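Chemist: My structure is in final.cif, and what it holds is mmCIF, C-alpha atoms and all ligand atoms:
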data_my_file
#
loop_
_atom_site.group_PDB
_atom_site.id
_atom_site.type_symbol
_atom_site.label_atom_id
_atom_site.label_comp_id
_atom_site.auth_asym_id
_atom_site.auth_seq_id
_atom_site.Cartn_x
_atom_site.Cartn_y
_atom_site.Cartn_z
ATOM 1 C CA MET A 1 18.668 3.541 12.618
ATOM 2 C CA PRO A 2 15.916 3.460 9.936
ATOM 3 C CA SER A 3 13.722 0.352 9.873
ATOM 4 C CA ILE A 4 12.995 -1.691 6.770
ATOM 5 C CA VAL A 5 10.789 -4.066 8.788
ATOM 6 C CA TYR A 6 8.751 -3.002 11.814
ATOM 7 C CA SER A 7 5.929 -4.373 13.897
ATOM 8 C CA TYR A 8 2.650 -2.665 14.622
ATOM 9 C CA GLY A 9 -0.060 -4.540 16.467
ATOM 10 C CA LYS A 10 0.006 -8.167 15.395
ATOM 11 C CA ASN A 11 1.442 -7.530 11.915
ATOM 12 C CA LEU A 12 4.912 -7.047 10.438
ATOM 13 C CA TYR A 13 5.308 -4.127 8.035
ATOM 14 C CA ILE A 14 7.830 -3.723 5.229
ATOM 15 C CA ASN A 15 9.200 -0.268 4.427
ATOM 16 C CA LEU A 16 10.674 -0.489 0.913
ATOM 17 C CA THR A 17 10.964 3.112 -0.185
ATOM 18 C CA ASN A 18 10.379 6.745 0.689
ATOM 19 C CA LYS A 19 9.311 7.604 -2.858
ATOM 20 C CA CYS A 20 5.709 8.545 -3.585
ATOM 21 C CA PRO A 21 4.048 10.399 -6.462
ATOM 22 C CA CYS A 22 1.559 12.065 -4.117
ATOM 23 C CA SER A 23 1.726 14.733 -1.429
ATOM 24 C CA CYS A 24 -1.390 13.978 0.571
ATOM 25 C CA SER A 25 -2.438 16.678 2.977
ATOM 26 C CA PHE A 26 -3.002 14.020 5.680
ATOM 27 C CA CYS A 27 0.132 11.923 5.042
ATOM 28 C CA ILE A 28 1.321 10.171 8.184
ATOM 29 C CA ARG A 29 4.885 11.142 7.238
ATOM 30 C CA LEU A 30 4.085 14.734 8.142
ATOM 31 C CA GLY A 31 3.396 13.747 11.752
ATOM 32 C CA GLY A 32 6.628 12.067 12.816
ATOM 33 C CA ASP A 33 9.561 9.883 11.857
ATOM 34 C CA GLY A 34 8.333 6.470 12.917
ATOM 35 C CA VAL A 35 5.395 4.130 13.459
ATOM 36 C CA GLY A 36 4.961 1.105 15.741
ATOM 37 C CA SER A 37 8.327 -0.409 16.647
ATOM 38 C CA ALA A 38 10.193 1.834 14.161
ATOM 39 C CA ASP A 39 11.908 4.949 15.500
ATOM 40 C CA SER A 40 12.494 6.111 11.937
ATOM 41 C CA LEU A 41 11.132 5.023 8.565
ATOM 42 C CA TRP A 42 13.307 7.486 6.647
ATOM 43 C CA LEU A 43 15.644 5.221 4.731
ATOM 44 C CA GLU A 44 19.317 5.964 4.054
ATOM 45 C CA ARG A 45 19.010 3.750 0.975
ATOM 46 C CA GLU A 46 16.293 1.528 -0.440
ATOM 47 C CA PRO A 47 16.739 -2.067 0.767
ATOM 48 C CA SER A 48 17.317 -4.951 -1.623
ATOM 49 C CA ALA A 49 14.960 -7.919 -1.569
ATOM 50 C CA GLY A 50 17.697 -9.855 0.250
ATOM 51 C CA ASP A 51 17.931 -7.168 2.930
ATOM 52 C CA VAL A 52 14.190 -7.411 3.534
ATOM 53 C CA VAL A 53 14.035 -11.209 3.585
ATOM 54 C CA ASP A 54 16.994 -11.392 5.984
ATOM 55 C CA GLU A 55 15.226 -8.968 8.303
ATOM 56 C CA LEU A 56 11.945 -10.891 8.054
ATOM 57 C CA GLY A 57 13.858 -14.010 9.019
ATOM 58 C CA ARG A 58 15.349 -12.254 12.045
ATOM 59 C CA ARG A 59 11.864 -11.112 13.064
ATOM 60 C CA SER A 60 10.361 -14.641 12.753
ATOM 61 C CA ALA A 61 7.960 -13.660 9.992
ATOM 62 C CA GLU A 62 5.807 -16.756 10.424
ATOM 63 C CA GLY A 63 4.853 -15.665 13.951
ATOM 64 C CA PHE A 64 2.983 -12.554 12.793
ATOM 65 C CA GLY A 65 -0.558 -12.109 11.530
ATOM 66 C CA GLU A 66 0.085 -10.464 8.159
ATOM 67 C CA LEU A 67 3.165 -9.276 6.299
ATOM 68 C CA VAL A 68 2.233 -5.846 4.988
ATOM 69 C CA PHE A 69 4.023 -3.688 2.429
ATOM 70 C CA CYS A 70 3.434 -0.299 3.992
ATOM 71 C CA GLY A 71 5.991 2.272 5.069
ATOM 72 C CA TYR A 72 6.970 5.875 4.495
ATOM 73 C CA GLY A 73 6.457 5.673 0.742
ATOM 74 C CA GLU A 74 4.468 3.945 -1.979
ATOM 75 C CA PRO A 75 5.527 0.281 -2.344
ATOM 76 C CA PHE A 76 4.781 0.250 -6.094
ATOM 77 C CA CYS A 77 7.678 2.720 -6.445
ATOM 78 C CA ALA A 78 9.869 -0.305 -5.623
ATOM 79 C CA LEU A 79 7.851 -2.803 -7.667
ATOM 80 C CA ASN A 80 10.607 -5.246 -8.603
ATOM 81 C CA THR A 81 11.934 -5.429 -5.052
ATOM 82 C CA MET A 82 8.403 -5.941 -3.750
ATOM 83 C CA LEU A 83 7.740 -8.802 -6.170
ATOM 84 C CA ASP A 84 11.090 -10.430 -5.360
ATOM 85 C CA VAL A 85 10.293 -10.236 -1.641
ATOM 86 C CA CYS A 86 6.840 -11.733 -2.273
ATOM 87 C CA ARG A 87 8.349 -14.680 -4.165
ATOM 88 C CA GLU A 88 10.771 -15.328 -1.335
ATOM 89 C CA ILE A 89 8.001 -15.078 1.265
ATOM 90 C CA ARG A 90 6.043 -17.696 -0.676
ATOM 91 C CA ARG A 91 9.118 -19.927 -0.791
ATOM 92 C CA ARG A 92 10.129 -19.574 2.879
ATOM 93 C CA TRP A 93 6.890 -18.828 4.708
ATOM 94 C CA GLY A 94 4.269 -20.297 2.387
ATOM 95 C CA SER A 95 1.342 -19.812 4.741
ATOM 96 C CA ALA A 96 2.062 -16.140 5.452
ATOM 97 C CA ILE A 97 -0.685 -13.694 4.522
ATOM 98 C CA VAL A 98 0.773 -10.950 2.318
ATOM 99 C CA ARG A 99 -0.950 -7.583 2.010
ATOM 100 C CA ILE A 100 -0.050 -4.444 0.081
ATOM 101 C CA ASN A 101 -1.260 -1.060 1.262
ATOM 102 C CA THR A 102 -1.086 1.213 -1.753
ATOM 103 C CA ASN A 103 -2.267 4.479 -3.214
ATOM 104 C CA GLY A 104 -3.405 2.505 -6.266
ATOM 105 C CA LEU A 105 -1.203 4.383 -8.721
ATOM 106 C CA GLY A 106 1.146 1.484 -9.477
ATOM 107 C CA ASP A 107 0.172 1.393 -13.171
ATOM 108 C CA LEU A 108 1.072 5.052 -13.651
ATOM 109 C CA ILE A 109 4.257 4.735 -11.611
ATOM 110 C CA ASN A 110 5.465 1.746 -13.632
ATOM 111 C CA ASP A 111 3.823 2.617 -16.950
ATOM 112 C CA LYS A 112 2.208 -0.804 -17.290
ATOM 113 C CA PRO A 113 -0.638 -2.858 -15.787
ATOM 114 C CA THR A 114 0.607 -4.082 -12.413
ATOM 115 C CA ALA A 115 -2.335 -6.017 -10.942
ATOM 116 C CA PRO A 116 -1.551 -9.186 -13.000
ATOM 117 C CA LEU A 117 1.939 -9.251 -11.468
ATOM 118 C CA LEU A 118 0.421 -9.847 -8.023
ATOM 119 C CA ARG A 119 -1.283 -13.116 -8.947
ATOM 120 C CA GLY A 120 -0.234 -15.972 -6.663
ATOM 121 C CA LEU A 121 2.028 -13.702 -4.619
ATOM 122 C CA VAL A 122 -0.319 -11.385 -2.767
ATOM 123 C CA ASP A 123 -3.382 -12.255 -0.676
ATOM 124 C CA LYS A 124 -4.775 -8.803 -0.015
ATOM 125 C CA VAL A 125 -4.587 -5.351 -1.561
ATOM 126 C CA SER A 126 -5.840 -2.336 0.354
ATOM 127 C CA ILE A 127 -6.126 0.779 -1.818
ATOM 128 C CA SER A 128 -6.554 4.279 -0.409
ATOM 129 C CA LEU A 129 -9.523 5.813 -2.196
ATOM 130 C CA ASN A 130 -9.528 8.887 0.064
ATOM 131 C CA THR A 131 -12.349 10.679 -1.722
ATOM 132 C CA TYR A 132 -15.050 10.331 -4.361
ATOM 133 C CA SER A 133 -13.982 12.328 -7.412
ATOM 134 C CA ALA A 134 -10.940 13.012 -9.573
ATOM 135 C CA GLU A 135 -11.143 16.710 -8.857
ATOM 136 C CA ARG A 136 -11.191 16.235 -5.080
ATOM 137 C CA TYR A 137 -8.471 13.562 -5.269
ATOM 138 C CA GLU A 138 -6.201 15.953 -7.132
ATOM 139 C CA ARG A 139 -6.794 18.628 -4.521
ATOM 140 C CA ILE A 140 -6.270 16.374 -1.471
ATOM 141 C CA CYS A 141 -3.485 14.076 -2.708
ATOM 142 C CA SER A 142 -1.672 16.273 -5.277
ATOM 143 C CA PRO A 143 -0.615 13.356 -7.515
ATOM 144 C CA ILE A 144 2.092 14.260 -10.032
ATOM 145 C CA TYR A 145 -0.141 12.695 -12.702
ATOM 146 C CA GLY A 146 -2.944 15.199 -12.237
ATOM 147 C CA ALA A 147 -6.493 14.346 -13.236
ATOM 148 C CA VAL A 148 -5.702 10.903 -14.671
ATOM 149 C CA ALA A 149 -4.667 9.600 -11.235
ATOM 150 C CA PHE A 150 -8.132 8.903 -9.823
ATOM 151 C CA PRO A 151 -9.437 6.920 -12.823
ATOM 152 C CA ALA A 152 -6.142 4.992 -12.893
ATOM 153 C CA LEU A 153 -6.611 4.145 -9.210
ATOM 154 C CA LEU A 154 -10.108 2.812 -9.909
ATOM 155 C CA LYS A 155 -8.917 0.780 -12.900
ATOM 156 C CA PHE A 156 -6.131 -0.757 -10.791
ATOM 157 C CA ALA A 157 -8.620 -1.639 -8.047
ATOM 158 C CA SER A 158 -10.962 -3.226 -10.565
ATOM 159 C CA ASP A 159 -8.091 -5.150 -12.206
ATOM 160 C CA CYS A 160 -6.981 -6.486 -8.818
ATOM 161 C CA LYS A 161 -10.284 -8.344 -8.455
ATOM 162 C CA ARG A 162 -9.125 -10.767 -11.147
ATOM 163 C CA HIS A 163 -5.722 -11.460 -9.586
ATOM 164 C CA VAL A 164 -5.874 -10.996 -5.803
ATOM 165 C CA PRO A 165 -8.298 -12.852 -3.475
ATOM 166 C CA ASP A 166 -9.092 -9.920 -1.183
ATOM 167 C CA VAL A 167 -9.286 -6.360 -2.552
ATOM 168 C CA MET A 168 -10.627 -3.339 -0.737
ATOM 169 C CA LEU A 169 -10.781 0.422 -1.073
ATOM 170 C CA THR A 170 -10.399 2.504 2.067
ATOM 171 C CA VAL A 171 -11.365 5.911 3.383
ATOM 172 C CA VAL A 172 -10.840 7.383 6.822
ATOM 173 C CA ASP A 173 -13.702 8.037 9.196
ATOM 174 C CA VAL A 174 -12.959 11.759 9.463
ATOM 175 C CA LEU A 175 -14.824 12.338 6.187
ATOM 176 C CA PRO A 176 -18.358 13.701 6.486
ATOM 177 C CA PRO A 177 -20.958 10.910 6.328
ATOM 178 C CA GLY A 178 -22.241 12.232 2.988
ATOM 179 C CA ASP A 179 -18.757 11.989 1.473
ATOM 180 C CA ILE A 180 -18.339 8.463 2.793
ATOM 181 C CA GLU A 181 -21.601 7.472 1.101
ATOM 182 C CA LYS A 182 -20.335 8.937 -2.188
ATOM 183 C CA CYS A 183 -17.115 6.942 -1.763
ATOM 184 C CA ARG A 184 -19.207 3.846 -1.100
ATOM 185 C CA ALA A 185 -21.058 4.436 -4.356
ATOM 186 C CA VAL A 186 -17.778 4.837 -6.282
ATOM 187 C CA ALA A 187 -16.453 1.602 -4.791
ATOM 188 C CA ALA A 188 -19.714 -0.202 -5.555
ATOM 189 C CA SER A 189 -19.577 1.008 -9.160
ATOM 190 C CA ILE A 190 -16.448 -1.103 -9.715
ATOM 191 C CA GLY A 191 -17.523 -3.956 -7.431
ATOM 192 C CA VAL A 192 -14.902 -3.442 -4.715
ATOM 193 C CA PRO A 193 -15.833 -3.240 -1.007
ATOM 194 C CA LEU A 194 -15.130 -0.039 0.903
ATOM 195 C CA ARG A 195 -13.618 -0.125 4.377
ATOM 196 C CA VAL A 196 -13.996 2.935 6.553
ATOM 197 C CA ARG A 197 -10.975 2.971 8.838
ATOM 198 C CA GLY A 198 -10.060 5.039 11.854
ATOM 199 C CA PHE A 199 -7.673 7.938 11.327
ATOM 200 C CA SER A 200 -4.345 7.386 13.062
HETATM 201 S S1 LIG B 301 0.061 8.238 -1.012
HETATM 202 FE FE1 LIG B 301 0.527 7.608 1.096
HETATM 203 S S2 LIG B 301 2.757 7.920 1.351
HETATM 204 FE FE2 LIG B 301 2.117 9.042 -0.475
HETATM 205 S S3 LIG B 301 1.773 11.140 0.244
HETATM 206 FE FE3 LIG B 301 -0.216 10.054 0.269
HETATM 207 S S4 LIG B 301 -0.418 9.203 2.336
HETATM 208 FE FE4 LIG B 301 1.741 9.794 2.050
#
Mind turning the file's structure into structure tokens?
Ligand code: SF4

Modeler:
Amino acid sequence: MPSIVYSYGKNLYINLTNKCPCSCSFCIRLGGDGVGSADSLWLEREPSAGDVVDELGRRSAEGFGELVFCGYGEPFCALNTMLDVCREIRRRWGSAIVRINTNGLGDLINDKPTAPLLRGLVDKVSISLNTYSAERYERICSPIYGAVAFPALLKFASDCKRHVPDVMLTVVDVLPPGDIEKCRAVAASIGVPLRVRGFS
């Protein structure tokens, strides 16, 4: 049975969609069907906001550390559902910390600026930077948008600073130290902190 909500560590994760405009060479989806408490994150259909909120209620959402939009797809591919779920989280579990893990391409996916839509609904945005240049990003992540993807990612990250309290870019620690320093410089150039996370 595919999971729309699953636990991993102390957080609850929300799996809205299997759509994604990228085909990253390191995508976790290539390594198995599930993560954490989920046997499978391959959805038979995309859940409605009501489906997600009902499941969060069953899982006692207030008892978890963070509620994180992160599954086997890019959450900005289900933008309206995500925003509806966020509004309901604010209404039912006002103190919950809401985070989005994203590839940062929400503006291209939805053909409009998306960071302003997060204001008041989202506490944290974690954006996968992955590398330090548009050319390398295109090679590693194969975005359907081609060379405009990387600058769009950076613009989204910069925009988020004005609307979301906690914004970070991330890279994994398997990159060579020199590449990580270049990523750090890219992140610094737009005033967003870089987190180097373990590869799992
Ligand atoms: S952006 Fe995320 S979900 Fe999409 S292919 Fe890359 S790693 Fe996988």

Chemist: Nearest residue to ligand LIG 301 (chain B) out of A:Ile190, A:Leu153, A:Ala49, A:Leu56, using all atoms listed in the file?

Modeler: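 The closest residue to ligand LIG 301 (chain B) is A:Leu153.
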
Chemist: What's the separation between atom CA of Gly9 of chain A and atom CA of Leu118 of chain A, in Å to one decimal place?

Modeler: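 So the two atoms, atom CA of Gly9 of chain A and atom CA of Leu118 of chain A, lie 25.1 Å apart.
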
Chemist: Skipping near chain neighbours, those fewer than 4 positions away, what residues fall within 12 Å of Val35 of chain A using only C-alpha atoms, listed as number ranges by chain?

Modeler: A: 2-9, 12-15, 28-31, 39-42, 70-72, 200

Chemist: When distances are computed from all atoms listed in the file, which of A:Pro151, A:Gly36, A:Gly94, A:Gly191 shows the smallest separation from Leu108 of chain A?

Modeler: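 Of A:Pro151, A:Gly36, A:Gly94, A:Gly191, the one nearest Leu108 of chain A is A:Pro151, counting all atoms listed in the file.
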
Chemist: Residues contacting ligand LIG 301 (chain B) - anything with an atom at most 7 Å away, using all atoms listed in the file - can you give me those as an NGL selection string?

Modeler: :A and (20-24 or 26-29 or 72-74 or 103 or 141)

Chemist: What separation in Å, quoted to one decimal, exists between atom CA of Asp173 of chain A and atom CA of Val196 of chain A?

Modeler: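 The value is 5.8 Å.
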
Chemist: Taking the file above as input, evaluate the PyMOL selection byres (((chain A and resi 166) around 12) and not hetatm) and report the hits as a ChimeraX atom specification.

Modeler: /A:97-100,118-119,122-127,157-158,160-165,167-169,192-194

Chemist: Name the residues that the PyMOL selection byres (((chain A and resi 152) around 9) and not hetatm) pulls out of this structure, and write them as a VMD selection string.

Modeler: chain A and resid 104 to 108 148 to 151 153 to 157

Chemist: Could you please determine the separation between atom CA of Lys182 of chain A and atom CA of Ala147 of chain A in Å, to one decimal place?

Modeler: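 Pair atom CA of Lys182 of chain A / atom CA of Ala147 of chain A returns 18.5 Å.
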
Chemist: Name the closest residue to Asn110 of chain A among the candidates A:Leu79, A:Leu129, A:Val68, A:Leu16; distances are taken between atoms, counting only C-alpha atoms.

Modeler: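 Closest residue, counting only C-alpha atoms: A:Leu79.
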
Chemist: Written as a short mmCIF file (atom, residue, chain, number, x, y, z; two decimals) with C-alpha atoms, in the frame of the given file, what is the full residue list that the PyMOL selection byres (((chain A and resi 53) around 10) and not hetatm) yields on the file shown?

Modeler:
data_model
loop_
_atom_site.label_atom_id
_atom_site.label_comp_id
_atom_site.auth_asym_id
_atom_site.auth_seq_id
_atom_site.Cartn_x
_atom_site.Cartn_y
_atom_site.Cartn_z
CA VAL A 5 10.79 -4.07 8.79
CA ILE A 14 7.83 -3.72 5.23
CA PRO A 47 16.74 -2.07 0.77
CA SER A 48 17.32 -4.95 -1.62
CA ALA A 49 14.96 -7.92 -1.57
CA GLY A 50 17.70 -9.86 0.25
CA ASP A 51 17.93 -7.17 2.93
CA VAL A 52 14.19 -7.41 3.53
CA ASP A 54 16.99 -11.39 5.98
CA GLU A 55 15.23 -8.97 8.30
CA LEU A 56 11.94 -10.89 8.05
CA GLY A 57 13.86 -14.01 9.02
CA ARG A 58 15.35 -12.25 12.04
CA ARG A 59 11.86 -11.11 13.06
CA ALA A 61 7.96 -13.66 9.99
CA ASP A 84 11.09 -10.43 -5.36
CA VAL A 85 10.29 -10.24 -1.64
CA CYS A 86 6.84 -11.73 -2.27
CA GLU A 88 10.77 -15.33 -1.34
CA ILE A 89 8.00 -15.08 1.26
CA ARG A 92 10.13 -19.57 2.88
#
